[in-house]
>>> print(open('coords_22.txt').read())   # compact mmCIF, C-alpha atoms
# COMPACT_ATOMS: atom_id res chain seq x y z
CA MET A 389 -38.35 60.81 -21.87
CA THR A 390 -40.28 62.92 -24.39
CA ALA A 391 -43.61 64.32 -23.28
CA ALA A 392 -46.79 62.53 -24.31
CA ALA A 393 -48.87 64.19 -27.02
CA LEU A 394 -52.14 63.00 -25.48
CA GLU A 395 -53.32 61.63 -22.16
CA LEU A 396 -56.42 59.46 -21.86
CA ASP A 397 -57.86 59.04 -18.39
CA CYS A 398 -59.76 55.73 -18.53
CA ARG A 399 -59.80 55.13 -14.80
CA GLY A 400 -63.09 53.70 -13.65
CA GLN A 401 -63.73 52.12 -17.06
CA LEU A 402 -63.92 48.34 -17.48
CA CYS A 403 -62.26 46.51 -20.36
CA PRO A 404 -62.66 46.65 -23.30
CA LEU A 405 -63.50 50.39 -22.89
CA PRO A 406 -59.91 51.63 -22.26
CA VAL A 407 -58.69 49.70 -25.32
CA ILE A 408 -61.59 50.99 -27.43
CA THR A 409 -60.77 54.57 -26.39
CA LEU A 410 -57.10 54.04 -27.21
CA ALA A 411 -57.93 52.58 -30.64
CA ARG A 412 -60.31 55.44 -31.50
CA ARG A 413 -57.94 58.21 -30.47
CA ILE A 414 -54.48 57.00 -31.49
CA GLY A 415 -55.05 58.71 -34.83
CA GLU A 416 -54.98 62.07 -33.05
CA VAL A 417 -51.22 61.85 -32.48
CA ALA A 418 -48.56 61.75 -35.19
CA VAL A 419 -46.56 58.61 -35.95
CA GLY A 420 -43.68 58.49 -33.45
CA GLU A 421 -45.58 60.42 -30.76
CA ARG A 422 -46.74 58.95 -27.47
CA ILE A 423 -50.10 58.53 -25.75
CA VAL A 424 -50.49 58.01 -22.02
CA VAL A 425 -53.39 55.81 -20.95
CA LEU A 426 -54.46 55.73 -17.32
CA ALA A 427 -56.52 52.61 -16.58
CA ASP A 428 -57.25 50.87 -13.29
CA ASP A 429 -59.23 47.86 -14.53
CA PRO A 430 -57.06 44.78 -13.78
CA ALA A 431 -57.67 43.50 -17.33
CA ALA A 432 -55.94 46.59 -18.79
CA ALA A 433 -52.56 45.29 -17.60
CA THR A 434 -52.92 42.43 -20.07
CA ASP A 435 -55.15 43.99 -22.71
CA ILE A 436 -53.27 47.23 -23.46
CA PRO A 437 -49.98 45.34 -24.14
CA ALA A 438 -51.96 42.77 -26.17
CA TRP A 439 -53.58 45.55 -28.24
CA CYS A 440 -50.14 47.06 -28.97
CA ARG A 441 -48.86 43.66 -30.12
CA MET A 442 -51.91 42.91 -32.27
CA ARG A 443 -52.07 46.39 -33.85
CA GLY A 444 -48.33 46.87 -34.34
CA GLN A 445 -47.95 49.76 -31.88
CA GLU A 446 -45.22 50.06 -29.26
CA LEU A 447 -45.78 49.85 -25.52
CA THR A 448 -42.91 51.92 -24.11
CA GLU A 449 -43.91 51.90 -20.46
CA ALA A 450 -46.31 50.07 -18.17
CA ALA A 451 -46.29 50.83 -14.47
CA GLY A 452 -49.31 50.38 -12.26
CA GLU A 453 -52.22 52.24 -13.84
CA ARG A 454 -50.07 54.15 -16.34
CA PHE A 455 -49.40 52.85 -19.85
CA VAL A 456 -47.39 54.72 -22.48
CA VAL A 457 -47.94 53.79 -26.13
CA ARG A 458 -45.90 55.10 -29.06
CA ARG A 459 -47.74 55.26 -32.38
CA LEU A 460 -45.77 53.34 -35.03
CA THR A 461 -48.28 53.15 -37.88
CA MET E 950 -83.80 32.63 -36.36
CA ALA E 951 -82.47 30.10 -33.90
CA GLY E 952 -85.03 27.88 -32.26
CA VAL E 953 -84.60 25.20 -29.63
CA SER E 954 -83.99 22.56 -32.30
CA THR E 955 -81.01 24.45 -33.75
CA ARG E 956 -79.13 24.91 -30.50
CA ALA E 957 -75.49 23.85 -30.54
CA TYR E 958 -73.89 23.06 -27.19
CA LEU E 959 -70.20 23.96 -27.62
CA ASP E 960 -69.19 24.01 -23.95
CA ALA E 961 -68.31 20.36 -23.31
CA ALA E 962 -65.21 21.38 -21.34
CA SER E 963 -67.49 22.91 -18.68
CA SER E 964 -69.71 19.82 -18.53
CA GLU E 965 -70.77 17.11 -20.95
CA PRO E 966 -74.29 15.73 -21.15
CA LEU E 967 -74.63 12.29 -19.59
CA HIS E 968 -73.24 9.49 -21.79
CA PRO E 969 -75.98 6.98 -22.77
CA ALA E 970 -73.95 4.18 -21.14
CA ALA E 971 -73.88 6.18 -17.89
CA ARG E 972 -77.62 6.81 -17.95
CA GLU E 973 -78.38 3.11 -18.33
CA THR E 974 -75.98 2.15 -15.54
CA LEU E 975 -77.19 4.92 -13.26
CA LEU E 976 -80.81 3.85 -13.50
CA ALA E 977 -79.95 0.22 -12.75
CA ALA E 978 -77.61 1.14 -9.89
CA LEU E 979 -80.18 3.39 -8.20
CA ASP E 980 -82.06 0.16 -7.42
CA SER E 981 -79.07 -2.01 -6.52
CA GLY E 982 -76.37 0.29 -5.11
CA TRP E 983 -78.14 2.38 -2.47
CA ALA E 984 -77.01 0.49 0.64
CA ASP E 985 -74.05 1.32 2.89
CA PRO E 986 -70.99 -0.45 1.40
CA ALA E 987 -69.38 -0.64 4.86
CA ARG E 988 -72.10 -2.99 6.15
CA LEU E 989 -71.76 -6.78 6.14
CA HIS E 990 -75.32 -7.65 5.07
CA HIS E 991 -76.29 -8.74 1.58
CA GLU E 992 -77.45 -5.25 0.48
CA GLY E 993 -74.27 -3.66 1.79
CA ARG E 994 -72.08 -6.24 0.09
CA THR E 995 -73.93 -5.69 -3.19
CA ALA E 996 -73.22 -1.97 -3.01
CA ARG E 997 -69.61 -2.72 -2.08
CA LEU E 998 -69.26 -4.97 -5.13
CA LEU E 999 -70.52 -2.24 -7.46
CA TRP E 1000 -68.20 0.29 -5.85
CA ASP E 1001 -65.18 -2.03 -6.23
CA ASN E 1002 -66.15 -2.72 -9.83
CA ALA E 1003 -66.21 1.02 -10.58
CA ARG E 1004 -62.85 1.41 -8.88
CA GLU E 1005 -61.29 -1.29 -11.08
CA VAL E 1006 -62.62 0.27 -14.27
CA VAL E 1007 -61.36 3.75 -13.35
CA ALA E 1008 -58.00 2.42 -12.12
CA ASP E 1009 -57.50 0.61 -15.40
CA ALA E 1010 -58.26 3.78 -17.37
CA LEU E 1011 -55.78 5.82 -15.32
CA GLY E 1012 -52.98 3.26 -15.15
CA ALA E 1013 -53.42 2.93 -11.40
CA ARG E 1014 -54.00 0.06 -8.97
CA PRO E 1015 -57.60 -0.18 -7.72
CA ASP E 1016 -56.48 0.49 -4.14
CA GLU E 1017 -54.84 3.73 -5.29
CA VAL E 1018 -58.15 5.18 -6.52
CA ARG E 1019 -60.49 7.17 -4.26
CA PHE E 1020 -63.81 8.65 -5.29
CA THR E 1021 -64.55 12.17 -4.08
CA PRO E 1022 -67.68 14.35 -4.34
CA SER E 1023 -66.15 16.42 -7.20
CA GLY E 1024 -62.98 17.13 -9.14
CA THR E 1025 -62.53 20.25 -7.03
CA THR E 1026 -62.63 18.28 -3.76
CA ALA E 1027 -60.19 15.77 -5.26
CA LEU E 1028 -57.73 18.61 -5.92
CA HIS E 1029 -58.32 20.22 -2.53
CA ALA E 1030 -57.82 16.88 -0.73
CA GLY E 1031 -54.80 15.84 -2.79
CA VAL E 1032 -52.89 19.11 -2.52
CA THR E 1033 -53.54 19.70 1.18
CA ALA E 1034 -53.12 16.09 2.40
CA ILE E 1035 -49.87 15.46 0.49
CA ALA E 1036 -48.41 18.83 1.51
CA ALA E 1037 -49.35 18.26 5.17
CA ALA E 1038 -47.59 14.87 5.19
CA ARG E 1039 -44.42 16.59 3.91
CA ARG E 1040 -44.42 19.41 6.46
CA ARG E 1041 -41.04 18.37 7.87
CA THR E 1042 -39.48 18.94 4.43
CA GLY E 1043 -41.17 22.27 3.86
CA SER E 1044 -44.39 23.97 2.86
CA ARG E 1045 -43.74 25.24 -0.67
CA VAL E 1046 -46.24 24.11 -3.30
CA VAL E 1047 -44.81 24.60 -6.79
CA HIS E 1048 -47.47 24.96 -9.49
CA SER E 1049 -47.94 26.48 -12.93
CA ALA E 1050 -49.60 29.89 -13.22
CA VAL E 1051 -52.42 28.33 -15.26
CA GLU E 1052 -53.64 25.58 -12.92
CA HIS E 1053 -57.35 25.27 -12.19
CA SER E 1054 -58.44 27.67 -9.43
CA ALA E 1055 -59.01 24.66 -7.13
CA VAL E 1056 -55.24 24.03 -7.17
CA LEU E 1057 -54.45 27.70 -6.54
CA HIS E 1058 -56.90 27.84 -3.62
CA ALA E 1059 -55.60 24.57 -2.12
CA ALA E 1060 -51.95 25.64 -2.52
CA ALA E 1061 -52.67 28.86 -0.62
CA VAL E 1062 -54.20 26.87 2.24
CA ALA E 1063 -51.59 24.09 2.19
CA GLY E 1064 -48.55 26.32 2.53
CA GLU E 1065 -46.55 28.70 0.46
CA PRO E 1066 -47.54 28.76 -3.24
CA ASP E 1067 -44.67 29.07 -5.70
CA GLU E 1068 -46.01 29.93 -9.14
CA VAL E 1069 -44.10 29.02 -12.32
CA ALA E 1070 -44.78 31.34 -15.27
CA VAL E 1071 -46.04 30.12 -18.66
CA ASP E 1072 -45.25 31.26 -22.21
CA ARG E 1073 -47.65 32.91 -24.66
CA LEU E 1074 -49.08 29.46 -25.53
CA GLY E 1075 -49.81 28.73 -21.86
CA ARG E 1076 -47.06 26.16 -21.32
CA VAL E 1077 -44.54 26.00 -18.46
CA ASP E 1078 -40.88 25.65 -19.27
CA PRO E 1079 -39.86 22.25 -17.84
CA GLY E 1080 -36.43 23.64 -16.89
CA ALA E 1081 -37.93 26.53 -14.94
CA PHE E 1082 -40.43 24.20 -13.27
CA ALA E 1083 -37.62 21.76 -12.35
CA ALA E 1084 -35.55 24.61 -10.89
CA ALA E 1085 -38.47 25.63 -8.66
CA VAL E 1086 -38.99 22.02 -7.55
CA ALA E 1087 -35.27 21.71 -6.73
CA ARG E 1088 -35.28 24.58 -4.24
CA PRO E 1089 -35.20 23.41 -0.63
CA GLY E 1090 -38.49 23.20 1.24
CA THR E 1091 -40.65 21.97 -1.64
CA ALA E 1092 -43.51 19.89 -0.24
CA LEU E 1093 -45.37 19.24 -3.46
CA ALA E 1094 -45.52 20.10 -7.15
CA ALA E 1095 -48.77 20.37 -9.12
CA LEU E 1096 -49.05 20.46 -12.89
CA GLN E 1097 -52.10 19.94 -15.10
CA SER E 1098 -51.92 17.42 -17.95
CA ALA E 1099 -53.36 20.06 -20.28
CA ASN E 1100 -54.94 23.43 -19.79
CA HIS E 1101 -58.70 23.48 -19.32
CA GLU E 1102 -59.18 26.91 -20.92
CA VAL E 1103 -56.86 26.94 -23.92
CA GLY E 1104 -56.10 23.22 -24.45
CA THR E 1105 -52.30 23.46 -24.39
CA ARG E 1106 -50.64 20.26 -23.14
CA GLN E 1107 -48.06 20.59 -20.35
CA PRO E 1108 -44.65 18.86 -20.33
CA VAL E 1109 -45.65 16.38 -17.62
CA ALA E 1110 -43.01 13.72 -18.45
CA PRO E 1111 -39.87 15.89 -17.97
CA VAL E 1112 -41.43 17.61 -14.95
CA ALA E 1113 -42.24 14.21 -13.40
CA GLN E 1114 -38.65 13.14 -13.96
CA ALA E 1115 -37.34 16.26 -12.20
CA CYS E 1116 -39.76 15.73 -9.31
CA ALA E 1117 -38.63 12.10 -8.95
CA GLU E 1118 -34.97 13.18 -8.90
CA HIS E 1119 -35.68 15.55 -6.04
CA GLY E 1120 -38.05 13.23 -4.18
CA VAL E 1121 -40.95 15.68 -4.55
CA PRO E 1122 -44.43 14.23 -5.14
CA LEU E 1123 -46.16 15.44 -8.32
CA LEU E 1124 -49.93 15.91 -8.43
CA VAL E 1125 -51.28 15.92 -11.98
CA ASP E 1126 -54.65 17.59 -12.54
CA ALA E 1127 -55.86 15.49 -15.46
CA ALA E 1128 -59.48 16.70 -15.39
CA ALA E 1129 -59.27 18.26 -18.86
CA SER E 1130 -57.72 15.13 -20.43
CA VAL E 1131 -59.24 11.99 -18.88
CA GLY E 1132 -61.74 10.45 -21.28
CA HIS E 1133 -60.38 12.56 -24.15
CA GLU E 1134 -56.83 11.31 -24.50
CA GLN E 1135 -54.17 9.18 -22.81
CA VAL E 1136 -52.91 10.63 -19.54
CA PRO E 1137 -49.20 10.55 -18.69
CA GLN E 1138 -48.34 7.74 -16.26
CA ALA E 1139 -45.61 9.42 -14.23
CA TRP E 1140 -47.63 10.97 -11.40
CA SER E 1141 -47.67 10.61 -7.63
CA ALA E 1142 -51.29 11.73 -7.48
CA LEU E 1143 -53.85 12.36 -10.18
CA ALA E 1144 -57.19 14.15 -10.06
CA ALA E 1145 -60.11 13.98 -12.49
CA SER E 1146 -63.80 14.79 -12.73
CA ALA E 1147 -66.52 12.55 -14.17
CA HIS E 1148 -68.78 15.19 -15.71
CA LYS E 1149 -65.93 16.15 -18.06
CA TRP E 1150 -66.10 12.70 -19.69
CA GLY E 1151 -69.88 12.24 -19.76
CA GLY E 1152 -70.33 10.83 -16.28
CA PRO E 1153 -72.66 12.46 -13.77
CA ALA E 1154 -71.65 15.59 -11.86
CA GLY E 1155 -70.71 14.98 -8.24
CA VAL E 1156 -68.04 12.35 -8.90
CA GLY E 1157 -64.36 13.20 -8.65
CA VAL E 1158 -61.37 10.89 -8.68
CA LEU E 1159 -58.19 11.16 -6.65
CA ALA E 1160 -55.59 8.48 -7.39
CA VAL E 1161 -52.55 8.40 -5.12
CA ARG E 1162 -49.58 6.05 -5.56
CA LYS E 1163 -49.01 3.65 -2.68
CA ASN E 1164 -45.64 5.18 -1.73
CA VAL E 1165 -47.05 8.71 -1.28
CA ARG E 1166 -47.88 9.70 2.29
CA LEU E 1167 -51.15 11.46 3.07
CA LEU E 1168 -52.18 13.47 6.09
CA PRO E 1169 -55.72 14.80 5.70
CA VAL E 1170 -56.09 18.08 7.57
CA TRP E 1171 -59.78 17.63 8.37
CA PRO E 1172 -61.67 15.11 10.57
CA VAL E 1173 -60.66 11.69 9.31
CA GLU E 1174 -62.81 8.58 9.01
CA GLU E 1175 -62.08 5.19 7.50
CA ARG E 1176 -63.87 5.65 4.16
CA GLU E 1177 -61.53 6.29 1.21
CA ASP E 1178 -58.61 6.62 3.67
CA GLY E 1179 -60.21 9.76 5.02
CA LEU E 1180 -59.90 11.53 1.67
CA ALA E 1181 -63.63 11.60 0.97
CA PRO E 1182 -65.68 11.43 4.16
CA GLY E 1183 -69.27 10.28 4.19
CA HIS E 1184 -71.50 7.76 2.45
CA PRO E 1185 -70.49 7.56 -1.23
CA ASP E 1186 -72.95 8.01 -4.09
CA ILE E 1187 -72.37 4.53 -5.51
CA PRO E 1188 -74.90 4.74 -8.40
CA ALA E 1189 -73.21 7.95 -9.61
CA VAL E 1190 -69.72 6.45 -9.19
CA LEU E 1191 -70.74 3.37 -11.16
CA ALA E 1192 -72.31 5.52 -13.89
CA ALA E 1193 -69.09 7.56 -14.05
CA ALA E 1194 -67.08 4.36 -14.54
CA ALA E 1195 -69.46 3.16 -17.25
CA ALA E 1196 -69.15 6.48 -19.07
CA LEU E 1197 -65.36 6.35 -18.86
CA GLN E 1198 -65.24 2.80 -20.18
CA ALA E 1199 -67.53 3.70 -23.10
CA ARG E 1200 -65.61 6.88 -23.73
CA ARG E 1201 -62.26 5.07 -23.89
CA ALA E 1202 -63.63 2.87 -26.66
CA GLU E 1203 -64.70 5.98 -28.58
CA ALA E 1204 -61.69 8.14 -27.74
CA ALA E 1205 -59.58 7.50 -30.85
CA ASP E 1206 -62.47 8.28 -33.23
CA LEU E 1207 -63.56 11.35 -31.29
CA ASP E 1208 -59.97 12.58 -31.03
CA ALA E 1209 -59.45 12.44 -34.80
CA ARG E 1210 -62.80 14.03 -35.52
CA HIS E 1211 -62.52 16.85 -32.95
CA ARG E 1212 -58.89 17.57 -33.78
CA GLY E 1213 -59.75 18.09 -37.44
CA TRP E 1214 -62.81 20.26 -36.74
CA ILE E 1215 -60.90 22.46 -34.28
CA ASP E 1216 -58.04 22.82 -36.81
CA GLY E 1217 -60.54 23.86 -39.45
CA LEU E 1218 -62.30 26.33 -37.15
CA ARG E 1219 -58.98 27.83 -36.13
CA LYS E 1220 -57.93 28.35 -39.75
CA ARG E 1221 -61.28 29.83 -40.72
CA ILE E 1222 -61.28 32.34 -37.86
CA ALA E 1223 -57.68 33.34 -38.68
CA ALA E 1224 -58.52 33.81 -42.35
CA GLU E 1225 -61.93 35.46 -42.06
CA MET E 1226 -61.86 37.60 -38.92
CA PRO E 1227 -59.68 40.68 -38.32
CA ASP E 1228 -58.30 41.58 -34.90
CA VAL E 1229 -58.80 38.18 -33.30
CA GLU E 1230 -56.15 36.51 -31.18
CA LEU E 1231 -56.21 32.71 -31.34
CA THR E 1232 -54.76 31.34 -28.12
CA GLY E 1233 -53.08 28.13 -27.01
CA ASP E 1234 -50.84 25.70 -28.89
CA PRO E 1235 -52.34 24.96 -32.33
CA ASP E 1236 -50.87 21.42 -32.42
CA ASP E 1237 -49.69 20.12 -29.05
CA ARG E 1238 -53.10 20.42 -27.42
CA LEU E 1239 -56.29 18.69 -26.32
CA PRO E 1240 -58.39 17.55 -29.29
CA HIS E 1241 -61.62 19.37 -28.46
CA ILE E 1242 -60.86 22.93 -27.27
CA LEU E 1243 -60.34 26.23 -29.10
CA THR E 1244 -60.08 29.61 -27.38
CA PHE E 1245 -59.81 33.04 -29.00
CA SER E 1246 -60.25 36.70 -28.07
CA CYS E 1247 -61.87 39.42 -30.18
CA LEU E 1248 -60.50 42.95 -29.89
CA TYR E 1249 -62.98 45.70 -28.81
CA VAL E 1250 -65.66 43.16 -27.89
CA ASP E 1251 -67.22 42.75 -24.47
CA GLY E 1252 -67.09 39.07 -23.49
CA GLU E 1253 -70.48 39.03 -21.81
CA ALA E 1254 -72.11 40.70 -24.82
CA LEU E 1255 -70.48 38.15 -27.12
CA VAL E 1256 -71.55 35.09 -25.09
CA THR E 1257 -75.08 36.49 -24.81
CA ALA E 1258 -75.31 37.28 -28.54
CA LEU E 1259 -74.01 33.82 -29.46
CA ASP E 1260 -76.50 32.25 -27.05
CA ALA E 1261 -79.31 34.15 -28.79
CA GLU E 1262 -78.06 32.67 -32.09
CA GLY E 1263 -78.26 29.20 -30.56
CA PHE E 1264 -74.62 28.61 -29.53
CA ALA E 1265 -73.56 27.75 -25.96
CA VAL E 1266 -69.93 28.77 -25.35
CA SER E 1267 -67.97 29.94 -22.31
CA SER E 1268 -65.69 32.93 -21.80
CA GLY E 1269 -62.68 33.82 -19.65
CA SER E 1270 -63.31 37.56 -19.92
CA ALA E 1271 -63.57 39.57 -16.70
CA CYS E 1272 -67.16 40.68 -17.27
CA THR E 1273 -68.30 37.05 -17.37
CA ALA E 1274 -66.69 36.22 -14.00
CA SER E 1275 -68.27 36.90 -10.62
CA THR E 1276 -64.93 38.40 -9.51
CA LEU E 1277 -64.84 40.86 -12.46
CA ARG E 1278 -61.24 39.75 -12.97
CA PRO E 1279 -60.15 38.23 -16.25
CA SER E 1280 -59.21 34.56 -16.37
CA HIS E 1281 -55.90 34.07 -14.57
CA VAL E 1282 -54.97 31.67 -17.39
CA LEU E 1283 -55.31 34.31 -20.14
CA ALA E 1284 -53.58 36.94 -17.97
CA ALA E 1285 -50.65 34.59 -17.21
CA MET E 1286 -50.27 33.92 -20.95
CA GLY E 1287 -50.32 37.66 -21.69
CA VAL E 1288 -53.01 37.26 -24.34
CA LEU E 1289 -56.02 39.50 -24.88
CA THR E 1290 -58.54 38.85 -22.10
CA HIS E 1291 -61.61 40.71 -23.34
CA GLY E 1292 -63.90 39.36 -26.05
CA ASN E 1293 -62.82 35.85 -25.09
CA VAL E 1294 -64.63 32.70 -26.19
CA ARG E 1295 -63.90 29.05 -25.50
CA VAL E 1296 -65.41 26.51 -27.87
CA SER E 1297 -65.26 22.88 -26.71
CA LEU E 1298 -66.66 19.85 -28.52
CA GLY E 1299 -68.38 16.83 -26.99
CA ARG E 1300 -69.20 13.37 -28.30
CA ASP E 1301 -72.58 14.58 -29.59
CA THR E 1302 -71.23 17.60 -31.45
CA ALA E 1303 -71.98 17.44 -35.18
CA TYR E 1304 -69.82 19.01 -37.89
CA ASP E 1305 -72.79 21.08 -38.99
CA GLU E 1306 -72.82 22.82 -35.59
CA VAL E 1307 -69.15 23.78 -35.84
CA ASP E 1308 -69.65 24.92 -39.42
CA ARG E 1309 -72.69 27.04 -38.51
CA PHE E 1310 -70.74 28.58 -35.64
CA ALA E 1311 -67.91 29.55 -37.97
CA THR E 1312 -70.43 31.06 -40.38
CA VAL E 1313 -72.36 33.08 -37.78
CA LEU E 1314 -69.44 34.26 -35.57
CA PRO E 1315 -67.92 36.98 -37.85
CA GLY E 1316 -71.27 38.76 -38.21
CA VAL E 1317 -71.95 38.69 -34.45
CA VAL E 1318 -68.51 40.13 -33.69
CA ALA E 1319 -68.82 42.78 -36.42
CA ARG E 1320 -72.22 43.84 -35.03
CA ILE E 1321 -70.84 44.30 -31.49
CA ARG E 1322 -67.86 46.23 -32.84
CA ALA E 1323 -70.13 48.46 -34.91
CA GLY E 1324 -72.02 49.24 -31.71
CA VAL E 1325 -68.90 50.88 -30.26
CA GLY E 1326 -67.98 52.56 -33.53
CA LEU E 1327 -65.13 50.20 -34.49
>>> encode(input="coords_22.txt", output="C-alpha cells")
Amino acid sequence: MTAAALELDCRGQLCPLPVITLARRIGEVAVGERIVVLADDPAAATDIPAWCRMRGQELTEAAGERFVVRRLT
Amino acid sequence: MAGVSTRAYLDAASSEPLHPAARETLLAALDSGWADPARLHHEGRTARLLWDNAREVVADALGARPDEVRFTPSGTTALHAGVTAIAAARRRTGSRVVHSAVEHSAVLHAAAVAGEPDEVAVDRLGRVDPGAFAAAVARPGTALAALQSANHEVGTRQPVAPVAQACAEHGVPLLVDAAASVGHEQVPQAWSALAASAHKWGGPAGVGVLAVRKNVRLLPVWPVEEREDGLAPGHPDIPAVLAAAAALQARRAEAADLDARHRGWIDGLRKRIAAEMPDVELTGDPDDRLPHILTFSCLYVDGEALVTALDAEGFAVSSGSACTASTLRPSHVLAAMGVLTHGNVRVSLGRDTAYDEVDRFATVLPGVVARIRAGVGL
C-alpha cells in the first residue's frame, strides 16, 4: 500500500463536516494520490463512500474510523 | 416572504390532517359511541354496533374478515403486539425473526424483544432481494418474518408476493407492515398479519390496526384480557375508530385519482431536481414505489439547517439525517441503502396538496440549498 499524501483528522466532527473537509481539501493531492480521513461520526460510514460515488472518486479502504480515498479527477 | 397563508404541508407520510369525512363522523360518534361496548345495556350495544361497523369497513379495505381485525392504540402498538405475540406462539419452532433492514423502527424494536432478529440487507433502492429473504426464512428456527409493503422513508415497494409464497412454503407466518400503503394504494393480500395506522390515511391519531388471519396462533406476552383477543387491552376509543374507518372508506373512493395525481407530481419533482440541482442524490425506486413520496439528499448540507430553512420559506418536510434525530444517528433506512444520509429531505403529498405547492417547492429548493452550501464555502 502506497503512503497517503494527506491525512485529515475529522474525529469529533458531525456529518456533513468530514465530507465538507474532504471535498475542500482533495485538491491538495495530485490525481492518483490518496487521502486518509479519520471520522468517528456514525454517518461517515455511509456518507464518505456516498461522496466518493457521487463525485467520481475512489474509496480504496474503509475500516472503522479510517477511510482512504484515491483522487481520480 | 412566506406568511401563514402560503404554507405548504409536504409531510403527509408523517401524519395527514383529518379527512373531512372523519371529522364529521368523529363529532357524531363522540355523542353516540362513548359507552363500554362490552356492556349489555342500550348505550353499550350502540357503541358495540359502531365498533363492529368500523371493523367491517376496515376489514373490507384490507381484504380481511371482520373477526380478523383488531384495533390498537397506534400503528406502533399494532406492530409491537403482532411481532411479539406471533413469535411467542411459535417459540417451540424457534425465536428468529427475519425482517428487512429498512423496516419501521417499531418492527426492529419488537423483533429484538421477541427473539433473535435476523436482518436481510436491501439494495441501493431500498428493496430486499426475495431470494435472499426466502433463504433467511428457510433456515431452521424461524418464528416469524416481517416485511413492509413499501418503505415509509423512500417509497420503494417491497416484493411481498414472492416473499409471502416462500413463507407459506416453509410454514412461517408473514407480518406485513402496510402503514405506508393503506389508503394510498392496494395492499398485497398474501399476509398472515397486517399492521396499519389511521393517521397515515387521514384518520385520527391513536388508531392502529392489526389484522391476523384465523389460522395464525397468538400468544400475547403481557397481561391478557378479553378485549380484542388480548391484543389491545383497555376500553377502546370507539369515536376515533369509527372516524378512522370513515376516512379509509372516503380515501378508497379517492385513491385512484390521488394516485395518478401524486405519481405525476412526484415524477415531475424528481426530474426537476435531477436536472436543476448539482450534487443531489435522489433515493428510492423511481417507478416501483408509493405514489406520494420522494426522498433526496443534498451533499454538504446539514439536514437540520435545510429543514429549518425550508420551514422558514413555508414548507413542512421531514428528514432522515442524523442531526434531525434525537439519537444523532442517521436514518437506518438510508444507511442500509448506502445512500447519502446528510442533507436529507422527504417530501410526501396528501389529499389536500395542490400542484402549486409542489411547483413552488421545486422553485425555492435550489436557492435554499445553494445558500447553505455557500455558508460552508462550497
>>> atom_distance(input="coords_22.txt", atom1="atom CA of Arg956 of chain E", atom2="atom CA of Glu1262 of chain E")
8.0 Å
>>> residues_around(input="coords_22.txt", residues="Arg1200 of chain E", least_positions_apart="4", cutoff="6 Å", atoms="only C-alpha atoms", output="PDB file with C-alpha atoms, in the frame of the given file")
ATOM      1  CA  GLY E1132     -61.740  10.450 -21.280  1.00  0.00           C
ATOM      2  CA  ALA E1196     -69.150   6.480 -19.070  1.00  0.00           C
ATOM      3  CA  ALA E1204     -61.690   8.140 -27.740  1.00  0.00           C
TER       4      ALA E1204
END
>>> interface_residues(input="coords_22.txt", of="chain A", to="chain E", cutoff="12 Å", atoms="only C-alpha atoms", output="mmCIF file with C-alpha atoms, in the coordinates of the input")
data_model
loop_
_atom_site.group_PDB
_atom_site.id
_atom_site.type_symbol
_atom_site.label_atom_id
_atom_site.label_comp_id
_atom_site.auth_asym_id
_atom_site.auth_seq_id
_atom_site.Cartn_x
_atom_site.Cartn_y
_atom_site.Cartn_z
ATOM 1 C CA GLN A 401 -63.730 52.120 -17.060
ATOM 2 C CA LEU A 402 -63.920 48.340 -17.480
ATOM 3 C CA CYS A 403 -62.260 46.510 -20.360
ATOM 4 C CA PRO A 404 -62.660 46.650 -23.300
ATOM 5 C CA LEU A 405 -63.500 50.390 -22.890
ATOM 6 C CA PRO A 406 -59.910 51.630 -22.260
ATOM 7 C CA VAL A 407 -58.690 49.700 -25.320
ATOM 8 C CA ILE A 408 -61.590 50.990 -27.430
ATOM 9 C CA THR A 409 -60.770 54.570 -26.390
ATOM 10 C CA LEU A 410 -57.100 54.040 -27.210
ATOM 11 C CA ALA A 411 -57.930 52.580 -30.640
ATOM 12 C CA ARG A 412 -60.310 55.440 -31.500
ATOM 13 C CA ARG A 413 -57.940 58.210 -30.470
ATOM 14 C CA ASP A 428 -57.250 50.870 -13.290
ATOM 15 C CA ASP A 429 -59.230 47.860 -14.530
ATOM 16 C CA PRO A 430 -57.060 44.780 -13.780
ATOM 17 C CA ALA A 431 -57.670 43.500 -17.330
ATOM 18 C CA ALA A 432 -55.940 46.590 -18.790
ATOM 19 C CA ALA A 433 -52.560 45.290 -17.600
ATOM 20 C CA THR A 434 -52.920 42.430 -20.070
ATOM 21 C CA ASP A 435 -55.150 43.990 -22.710
ATOM 22 C CA ILE A 436 -53.270 47.230 -23.460
ATOM 23 C CA PRO A 437 -49.980 45.340 -24.140
ATOM 24 C CA ALA A 438 -51.960 42.770 -26.170
ATOM 25 C CA TRP A 439 -53.580 45.550 -28.240
ATOM 26 C CA CYS A 440 -50.140 47.060 -28.970
ATOM 27 C CA ARG A 441 -48.860 43.660 -30.120
ATOM 28 C CA MET A 442 -51.910 42.910 -32.270
ATOM 29 C CA ARG A 443 -52.070 46.390 -33.850
ATOM 30 C CA GLY A 444 -48.330 46.870 -34.340
#
>>> residues_around(input="coords_22.txt", residues="Leu1168 of chain E", least_positions_apart="2", cutoff="12 Å", atoms="all atoms listed in the file", output="list in words")
Ala1030, Gly1031, Val1032, Thr1033, Ala1034, Ile1035, Ala1036, Ala1037, Ala1038, Arg1039, Arg1040, Ala1063, Val1165, Arg1166, Val1170, Trp1171, Pro1172, Val1173, Asp1178, Gly1179 and Leu1180 of chain E
>>> residues_around(input="coords_22.txt", residues="Gly1080 of chain E", least_positions_apart="6", cutoff="9 Å", atoms="all atoms listed in the file", output="PDB file with C-alpha atoms, in the frame of the given file")
ATOM      1  CA  PRO E1111     -39.870  15.890 -17.970  1.00  0.00           C
ATOM      2  CA  VAL E1112     -41.430  17.610 -14.950  1.00  0.00           C
ATOM      3  CA  ALA E1115     -37.340  16.260 -12.200  1.00  0.00           C
TER       4      ALA E1115
END
>>> closest_residue(input="coords_22.txt", among="A:Ala391, A:Arg399, A:Gly415, A:Ala427", to="Glu453 of chain A", atoms="only C-alpha atoms")
A:Ala427
>>> residues_around(input="coords_22.txt", residues="Glu395 of chain A", least_positions_apart="2", cutoff="12 Å", atoms="all atoms listed in the file", output="PyMOL selection string")
chain A and resi 391-393+397-399+406+409-410+413-414+416-417+421-427+454-457
>>> atom_distance(input="coords_22.txt", atom1="atom CA of Ser1141 of chain E", atom2="atom CA of Ser1297 of chain E")
28.7 Å
>>> atom_distance(input="coords_22.txt", atom1="atom CA of Pro1169 of chain E", atom2="atom CA of Ala1003 of chain E")
23.8 Å
